[in-house]
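What follows is the content of query_31.txt (compact mmCIF, C-alpha atoms).
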# COMPACT_ATOMS: atom_id res chain seq x y z
CA MET A 1 -55.08 24.92 4.35
CA ASN A 2 -57.87 24.63 1.77
CA ASN A 3 -57.13 25.17 -1.87
CA GLN A 4 -59.66 26.48 -4.39
CA SER A 5 -60.95 23.01 -5.32
CA ASP A 6 -61.48 22.06 -1.64
CA GLU A 7 -63.59 25.18 -1.15
CA ASN A 8 -65.96 24.07 -3.94
CA LYS A 9 -66.69 20.63 -2.49
CA MET A 10 -67.38 19.04 0.86
CA ASN A 11 -68.49 15.71 2.24
CA CYS A 12 -71.22 15.94 4.84
CA ILE A 13 -73.56 13.82 6.91
CA VAL A 14 -77.31 14.43 7.09
CA TYR A 15 -79.32 13.65 10.22
CA LYS A 16 -83.09 13.87 10.55
CA SER A 17 -84.99 14.86 13.65
CA LEU A 18 -87.19 12.10 15.02
CA LEU A 19 -89.17 14.76 16.89
CA ARG A 20 -89.86 17.24 14.07
CA ASP A 21 -91.04 16.20 10.62
CA GLU A 22 -88.95 17.31 7.65
CA THR A 23 -86.22 18.77 9.87
CA TYR A 24 -82.64 17.88 8.95
CA VAL A 25 -79.22 19.00 10.06
CA PHE A 26 -76.15 18.75 7.82
CA VAL A 27 -72.71 18.51 9.46
CA GLU A 28 -69.25 17.91 8.05
CA ASN A 29 -68.51 14.88 10.25
CA GLU A 30 -69.98 12.87 13.10
CA GLU A 31 -68.33 15.11 15.69
CA GLY A 32 -70.32 18.02 14.26
CA LEU A 33 -73.50 16.57 15.69
CA GLN A 34 -72.10 16.77 19.24
CA GLU A 35 -71.04 20.39 18.64
CA LEU A 36 -74.54 21.69 17.79
CA PRO A 37 -75.88 24.50 19.99
CA GLU A 38 -77.70 23.11 23.02
CA GLU A 39 -81.01 24.80 22.07
CA LEU A 40 -80.92 23.22 18.62
CA THR A 41 -80.11 19.79 20.05
CA ARG A 42 -83.12 20.08 22.38
CA ALA A 43 -85.41 21.36 19.63
CA MET A 44 -84.46 18.52 17.26
CA GLY A 45 -84.69 15.81 19.91
CA LYS A 46 -83.31 12.42 18.97
CA THR A 47 -81.73 12.25 15.50
CA GLU A 48 -81.07 9.52 12.99
CA LYS A 49 -78.35 9.46 10.33
CA VAL A 50 -80.02 9.33 6.93
CA MET A 51 -77.19 9.78 4.41
CA GLU A 52 -73.74 10.99 3.53
CA LEU A 53 -73.42 13.49 0.69
CA SER A 54 -70.65 14.80 -1.51
CA LEU A 55 -71.55 18.44 -2.02
CA THR A 56 -70.38 20.75 -4.76
CA ALA A 57 -71.23 24.40 -5.24
CA GLU A 58 -73.31 23.49 -8.29
CA ARG A 59 -75.29 20.65 -6.71
CA GLN A 60 -78.94 21.50 -6.18
CA LEU A 61 -80.59 19.97 -3.12
CA ALA A 62 -84.29 19.88 -2.24
CA ARG A 63 -84.45 23.34 -0.66
CA CYS A 64 -81.14 25.02 -1.45
CA SER A 65 -77.86 24.72 -3.30
CA GLY A 66 -74.80 22.79 -2.23
CA GLN A 67 -73.02 26.14 -1.94
CA GLU A 68 -75.54 27.36 0.65
CA VAL A 69 -75.10 24.19 2.72
CA MET A 70 -71.29 24.41 2.54
CA ASN A 71 -71.36 28.09 3.52
CA SER A 72 -73.58 27.37 6.54
CA ILE A 73 -71.39 24.50 7.70
CA ARG A 74 -68.23 26.59 7.33
CA GLU A 75 -69.77 29.62 9.09
CA GLN A 76 -71.61 27.95 11.96
CA GLY A 77 -70.68 24.27 11.92
CA PHE A 78 -74.03 23.02 10.59
CA HIS A 79 -76.83 23.65 8.10
CA LEU A 80 -80.42 23.37 9.29
CA GLN A 81 -83.21 22.44 6.86
CA MET A 82 -86.79 22.76 8.08
CA PRO A 83 -90.23 22.89 6.51
CA GLU A 84 -90.96 26.43 5.34
CA LYS A 85 -93.94 26.79 7.70
CA MET A 86 -91.73 26.02 10.73
CA HIS A 87 -88.76 28.15 9.77
CA SER A 88 -89.88 31.29 11.57
CA LYS A 89 -91.02 29.70 14.83
CA ASN A 90 -89.98 27.11 17.39
CA ILE A 91 -86.26 27.03 16.44
CA PRO A 92 -84.07 30.12 16.89
CA ASP A 93 -82.44 31.88 13.94
CA TYR A 94 -78.82 30.83 14.48
CA LYS A 95 -77.41 33.00 11.69
CA GLN A 96 -78.90 36.08 13.37
CA THR A 97 -77.60 34.96 16.76
CA LEU A 98 -74.08 34.52 15.36
CA ARG A 99 -74.19 37.98 13.71
CA GLU A 100 -75.19 39.55 17.02
CA LYS A 101 -72.20 37.92 18.75
CA GLU A 102 -69.68 39.41 16.27

For this file, produce the structure as structure tokens.
Amino acid sequence: MNNQSDENKMNCIVYKSLLRDETYVFVENEEGLQELPEELTRAMGKTEKVMELSLTAERQLARCSGQEVMNSIREQGFHLQMPEKMHSKNIPDYKQTLREKE
């Protein structure tokens, strides 16, 4: 069971898509990459591990906060970072899909 301090930090692994520029997926561990939705795996194509991060709620990343990344990973198992111009097309909105399934 997580305590308060565990909820405010998380280690994660970042993979980049070799098919789509500036597209990254953050997962909590290596198994998380195999658990991505099939459509996302196809859309990203082959991936390459680029780094491991220690996230905190206060940490600011390039496009969002550490808290946003941790929330996404906890809610859906991953956090997807894409270029702004691509966000609305080509890759489904997984947060919306998950809400519809509830």

Review point. What is the distance, in Å and to one decimal place, between CA of Lys9 in chain A and CA of Gln34 in chain A?
Key: 22.7 Å

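Each of A:Thr23, A:Ser17, A:Asn29, A:Thr47 was checked against Ile73 in chain A using only C-alpha atoms; the smallest atom-to-atom distance is that of A:Asn29.
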
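Distance-wise, CA of Arg63 in chain A and CA of Leu36 in chain A end up 21.0 Å apart.
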
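Taking CA of Glu7 in chain A and CA of Ala62 in chain A as endpoints, the distance between them is 21.4 Å.
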
Point to revise | For Gln76 in chain A, the nearest of the candidates A:Lys16, A:Glu28, A:Met10, A:Thr41, counting all atoms listed in the file | key: A:Glu28

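Each of A:Ser72, A:Cys64, A:His79, A:Leu40 was checked against Val14 in chain A using all atoms listed in the file; the smallest atom-to-atom distance is that of A:His79.
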
Practice item. Fewer than 6 positions away in the same chain doesn't count, so skip those; otherwise give me all residues within 12 Å of Ala57 in chain A, counting all atoms listed in the file, as a VMD selection string. Key: chain A and resid 4 to 11 64 to 71

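Using all atoms listed in the file for every distance, the candidate list A:Met82, A:Leu61, A:Leu33, A:Met51 yields A:Met82 as the residue closest to Arg20 in chain A.
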